[in-house]
$ cat final_28.pdb   # PDB, C-alpha atoms
ATOM      1  CA  GLN Z   1       0.000   0.000   0.000  1.00  0.00           C
ATOM      2  CA  ASP Z   2       1.343   3.455  -0.912  1.00  0.00           C
ATOM      3  CA  THR Z   3       1.824   5.789   2.066  1.00  0.00           C
ATOM      4  CA  LYS Z   4       0.503   8.727   0.013  1.00  0.00           C
ATOM      5  CA  PHE Z   5      -2.987   7.242   0.345  1.00  0.00           C
ATOM      6  CA  SER Z   6      -2.717   5.500   3.731  1.00  0.00           C
ATOM      7  CA  ALA Z   7      -0.958   8.066   5.948  1.00  0.00           C
ATOM      8  CA  PRO Z   8      -3.294  10.357   7.913  1.00  0.00           C
ATOM      9  CA  ASP Z   9      -0.888  13.289   7.406  1.00  0.00           C
ATOM     10  CA  THR Z  10      -0.290  13.442   3.650  1.00  0.00           C
ATOM     11  CA  MET Z  11       0.076  15.907   0.794  1.00  0.00           C
ATOM     12  CA  ASN Z  12      -0.976  15.978  -2.848  1.00  0.00           C
ATOM     13  CA  TYR Z  13       2.119  17.008  -4.775  1.00  0.00           C
ATOM     14  CA  GLN Z  14       3.979  15.506  -7.708  1.00  0.00           C
ATOM     15  CA  THR Z  15       7.239  13.635  -7.177  1.00  0.00           C
ATOM     16  CA  PHE Z  16       8.742  14.196 -10.645  1.00  0.00           C
ATOM     17  CA  HIS Z  17       9.209  17.707 -12.002  1.00  0.00           C
ATOM     18  CA  GLY Z  18      11.800  17.303 -14.774  1.00  0.00           C
ATOM     19  CA  PHE Z  19      13.204  20.754 -13.898  1.00  0.00           C
ATOM     20  CA  ALA Z  20      10.021  22.356 -15.319  1.00  0.00           C
ATOM     21  CA  GLU Z  21       8.346  25.507 -14.010  1.00  0.00           C
ATOM     22  CA  THR Z  22       4.869  23.982 -13.728  1.00  0.00           C
ATOM     23  CA  VAL Z  23       3.828  21.055 -11.577  1.00  0.00           C
ATOM     24  CA  ASP Z  24       1.094  18.463 -12.069  1.00  0.00           C
ATOM     25  CA  PRO Z  25      -0.050  16.994  -8.722  1.00  0.00           C
ATOM     26  CA  ASN Z  26      -1.474  13.961 -10.540  1.00  0.00           C
ATOM     27  CA  ARG Z  27       1.908  12.889 -11.931  1.00  0.00           C
ATOM     28  CA  ILE Z  28       3.139  10.550  -9.207  1.00  0.00           C
ATOM     29  CA  ILE Z  29       5.903   8.137 -10.216  1.00  0.00           C
ATOM     30  CA  ASP Z  30       7.742   7.649  -6.897  1.00  0.00           C
ATOM     31  CA  PHE Z  31       6.275   5.650  -4.036  1.00  0.00           C
ATOM     32  CA  ILE Z  32       6.857   4.411  -0.481  1.00  0.00           C
ATOM     33  CA  PHE Z  33       5.108   1.074  -0.076  1.00  0.00           C
ATOM     34  CA  THR Z  34       4.216  -0.560   3.239  1.00  0.00           C
ATOM     35  CA  ASN Z  35       2.978  -3.920   4.437  1.00  0.00           C
ATOM     36  CA  SER Z  36       0.783  -5.068   7.329  1.00  0.00           C
ATOM     37  CA  ARG Z  37       3.639  -4.639   9.841  1.00  0.00           C
ATOM     38  CA  MET Z  38       4.000  -0.922   9.058  1.00  0.00           C
ATOM     39  CA  THR Z  39       1.640   1.911   9.980  1.00  0.00           C
ATOM     40  CA  PRO Z  40       2.392   5.114   8.060  1.00  0.00           C
ATOM     41  CA  LEU Z  41       1.897   8.352   9.997  1.00  0.00           C
ATOM     42  CA  THR Z  42       3.123  10.960   7.522  1.00  0.00           C
ATOM     43  CA  TYR Z  43       3.852  11.246   3.814  1.00  0.00           C
ATOM     44  CA  LYS Z  44       5.745  14.296   2.581  1.00  0.00           C
ATOM     45  CA  VAL Z  45       7.220  15.411  -0.727  1.00  0.00           C
ATOM     46  CA  ILE Z  46      10.306  17.530  -0.004  1.00  0.00           C
ATOM     47  CA  CYS Z  47      10.072  20.431  -2.465  1.00  0.00           C
ATOM     48  CA  GLU Z  48      12.928  22.568  -1.162  1.00  0.00           C
ATOM     49  CA  ASP Z  49      15.758  23.712  -3.376  1.00  0.00           C
ATOM     50  CA  ILE Z  50      19.401  24.534  -2.636  1.00  0.00           C
ATOM     51  CA  ASP Z  51      20.489  28.030  -3.651  1.00  0.00           C
ATOM     52  CA  GLY Z  52      17.547  28.236  -6.058  1.00  0.00           C
ATOM     53  CA  LYS Z  53      18.374  24.933  -7.780  1.00  0.00           C
ATOM     54  CA  GLN Z  54      16.919  21.451  -7.647  1.00  0.00           C
ATOM     55  CA  VAL Z  55      19.470  18.682  -7.108  1.00  0.00           C
ATOM     56  CA  SER Z  56      17.416  16.092  -9.017  1.00  0.00           C
ATOM     57  CA  ASP Z  57      14.469  15.904 -11.413  1.00  0.00           C
ATOM     58  CA  HIS Z  58      12.603  13.971  -8.678  1.00  0.00           C
ATOM     59  CA  TYR Z  59      11.563  15.348  -5.306  1.00  0.00           C
ATOM     60  CA  PRO Z  60      12.587  13.215  -2.306  1.00  0.00           C
ATOM     61  CA  LEU Z  61       9.886  11.487  -0.268  1.00  0.00           C
ATOM     62  CA  TYR Z  62       9.697  11.288   3.513  1.00  0.00           C
ATOM     63  CA  SER Z  63       7.508   9.154   5.757  1.00  0.00           C
ATOM     64  CA  ASP Z  64       7.232   8.549   9.508  1.00  0.00           C
ATOM     65  CA  MET Z  65       6.039   5.032  10.338  1.00  0.00           C
ATOM     66  CA  LEU Z  66       5.317   2.779  13.268  1.00  0.00           C
ATOM     67  CA  LEU Z  67       6.794  -0.700  12.905  1.00  0.00           C
ATOM     68  CA  LYS Z  68       5.013  -3.557  14.641  1.00  0.00           C
ATOM     69  CA  ALA Z  69       7.091  -6.078  16.571  1.00  0.00           C
ATOM     70  CA  SER Z  70       7.131  -9.580  15.124  1.00  0.00           C
TER
END

$ encode --input "final_28.pdb" --output "structure tokens"
Amino acid sequence: QDTKFSAPDTMNYQTFHGFAETVDPNRIIDFIFTNSRMTPLTYKVICEDIDGKQVSDHYPLYSDMLLKAS
């Protein structure tokens, strides 16, 4: 299951920008998947730049999760 849709604290933002000026929130090509032993709490797309430049044509993803003991 993708954390974008299962985390209670989530955001709707694209993960690939291709160094373009415009963004399409429906263009999602990067994922964080979980299984039944993981409970996602947050899903974030990190959209910050460094000195006005993007370091990649993909935005990094971040997620806080609870892991269940086996």

$ resolve_selection --input "final_28.pdb" --expression "the PyMOL selection byres ((chain Z and resi 56) around 12)" --output "ChimeraX atom specification"
/Z:15-20,46-50,53-55,57-60

$ residues_around --input "final_28.pdb" --residues "stretch 33-41 of chain Z" --least-positions-apart "2" --cutoff "10 Å" --atoms "all atoms listed in the file" --output "NGL selection string"
:Z and (1-10 or 30-31 or 43 or 63-70)

$ resolve_selection --input "final_28.pdb" --expression "the PyMOL selection byres ((chain Z and resi 14) around 7)" --output "VMD selection string"
chain Z and resid 12 to 13 15 to 16 23 to 28

$ axis_aligned_box --input "final_28.pdb" --around "stretch 51-64 of chain Z" --padding-each-side "5 Å" --output "lines of an AutoDock Vina configuration file"
center_x = 13.9
center_y = 18.4
center_z = -1.0
size_x = 23.3
size_y = 29.7
size_z = 30.9

$ build_atoms --input "final_28.pdb" --residues "stretch 22-58 of chain Z" --atoms "N, CA and C atoms" --output "compact mmCIF listing (two decimals), in the frame of the given file"
# COMPACT_ATOMS: atom_id res chain seq x y z
N THR Z 22 6.21 24.35 -14.19
CA THR Z 22 4.87 23.98 -13.73
C THR Z 22 4.88 22.59 -13.11
N VAL Z 23 3.93 22.36 -12.23
CA VAL Z 23 3.83 21.06 -11.58
C VAL Z 23 2.44 20.48 -11.81
N ASP Z 24 2.36 19.17 -11.90
CA ASP Z 24 1.09 18.46 -12.07
C ASP Z 24 0.94 17.52 -10.88
N PRO Z 25 0.06 17.83 -9.92
CA PRO Z 25 -0.05 16.99 -8.72
C PRO Z 25 -0.51 15.57 -9.01
N ASN Z 26 -1.02 15.31 -10.19
CA ASN Z 26 -1.47 13.96 -10.54
C ASN Z 26 -0.37 13.09 -11.12
N ARG Z 27 0.81 13.66 -11.35
CA ARG Z 27 1.91 12.89 -11.93
C ARG Z 27 2.78 12.35 -10.80
N ILE Z 28 2.43 11.20 -10.31
CA ILE Z 28 3.14 10.55 -9.21
C ILE Z 28 3.84 9.31 -9.76
N ILE Z 29 5.17 9.31 -9.71
CA ILE Z 29 5.90 8.14 -10.22
C ILE Z 29 6.89 7.58 -9.19
N ASP Z 30 6.90 8.15 -7.98
CA ASP Z 30 7.74 7.65 -6.90
C ASP Z 30 6.83 7.28 -5.73
N PHE Z 31 7.17 6.20 -5.05
CA PHE Z 31 6.28 5.65 -4.04
C PHE Z 31 7.06 5.18 -2.82
N ILE Z 32 6.37 5.11 -1.67
CA ILE Z 32 6.86 4.41 -0.48
C ILE Z 32 5.77 3.39 -0.15
N PHE Z 33 6.08 2.13 -0.33
CA PHE Z 33 5.11 1.07 -0.08
C PHE Z 33 5.29 0.50 1.33
N THR Z 34 4.19 0.05 1.91
CA THR Z 34 4.22 -0.56 3.24
C THR Z 34 3.53 -1.92 3.19
N ASN Z 35 3.69 -2.65 4.29
CA ASN Z 35 2.98 -3.92 4.44
C ASN Z 35 2.20 -3.90 5.75
N SER Z 36 1.65 -5.02 6.15
CA SER Z 36 0.78 -5.07 7.33
C SER Z 36 1.53 -4.82 8.64
N ARG Z 37 2.85 -4.89 8.63
CA ARG Z 37 3.64 -4.64 9.84
C ARG Z 37 4.04 -3.17 9.98
N MET Z 38 3.61 -2.33 9.05
CA MET Z 38 4.00 -0.92 9.06
C MET Z 38 2.75 -0.05 9.07
N THR Z 39 2.74 0.95 9.93
CA THR Z 39 1.64 1.91 9.98
C THR Z 39 2.19 3.29 9.63
N PRO Z 40 1.89 3.80 8.44
CA PRO Z 40 2.39 5.11 8.06
C PRO Z 40 1.68 6.22 8.83
N LEU Z 41 2.45 7.21 9.28
CA LEU Z 41 1.90 8.35 10.00
C LEU Z 41 1.92 9.61 9.14
N THR Z 42 3.00 9.78 8.38
CA THR Z 42 3.12 10.96 7.52
C THR Z 42 3.65 10.55 6.15
N TYR Z 43 3.30 11.36 5.17
CA TYR Z 43 3.85 11.25 3.81
C TYR Z 43 4.13 12.67 3.35
N LYS Z 44 5.36 12.95 3.01
CA LYS Z 44 5.74 14.30 2.58
C LYS Z 44 6.58 14.22 1.31
N VAL Z 45 6.37 15.19 0.43
CA VAL Z 45 7.22 15.41 -0.73
C VAL Z 45 8.07 16.62 -0.38
N ILE Z 46 9.39 16.45 -0.39
CA ILE Z 46 10.31 17.53 0.00
C ILE Z 46 10.58 18.38 -1.25
N CYS Z 47 10.02 19.58 -1.27
CA CYS Z 47 10.07 20.43 -2.46
C CYS Z 47 11.09 21.56 -2.34
N GLU Z 48 11.97 21.49 -1.38
CA GLU Z 48 12.93 22.57 -1.16
C GLU Z 48 14.05 22.51 -2.19
N ASP Z 49 14.60 23.67 -2.48
CA ASP Z 49 15.76 23.71 -3.38
C ASP Z 49 16.99 24.18 -2.59
N ILE Z 50 18.14 24.09 -3.23
CA ILE Z 50 19.40 24.53 -2.64
C ILE Z 50 19.94 25.66 -3.50
N ASP Z 51 20.02 26.85 -2.92
CA ASP Z 51 20.49 28.03 -3.65
C ASP Z 51 19.71 28.25 -4.94
N GLY Z 52 18.40 28.01 -4.90
CA GLY Z 52 17.55 28.24 -6.06
C GLY Z 52 17.59 27.15 -7.11
N LYS Z 53 18.25 26.02 -6.80
CA LYS Z 53 18.37 24.93 -7.78
C LYS Z 53 17.88 23.63 -7.18
N GLN Z 54 17.30 22.80 -8.03
CA GLN Z 54 16.92 21.45 -7.65
C GLN Z 54 18.11 20.52 -7.88
N VAL Z 55 18.33 19.59 -6.97
CA VAL Z 55 19.47 18.68 -7.11
C VAL Z 55 19.14 17.45 -7.94
N SER Z 56 17.85 17.24 -8.23
CA SER Z 56 17.42 16.09 -9.02
C SER Z 56 16.13 16.47 -9.74
N ASP Z 57 15.75 15.66 -10.75
CA ASP Z 57 14.47 15.90 -11.41
C ASP Z 57 13.31 15.20 -10.70
N HIS Z 58 13.61 14.56 -9.56
CA HIS Z 58 12.60 13.97 -8.68
C HIS Z 58 12.71 14.64 -7.32
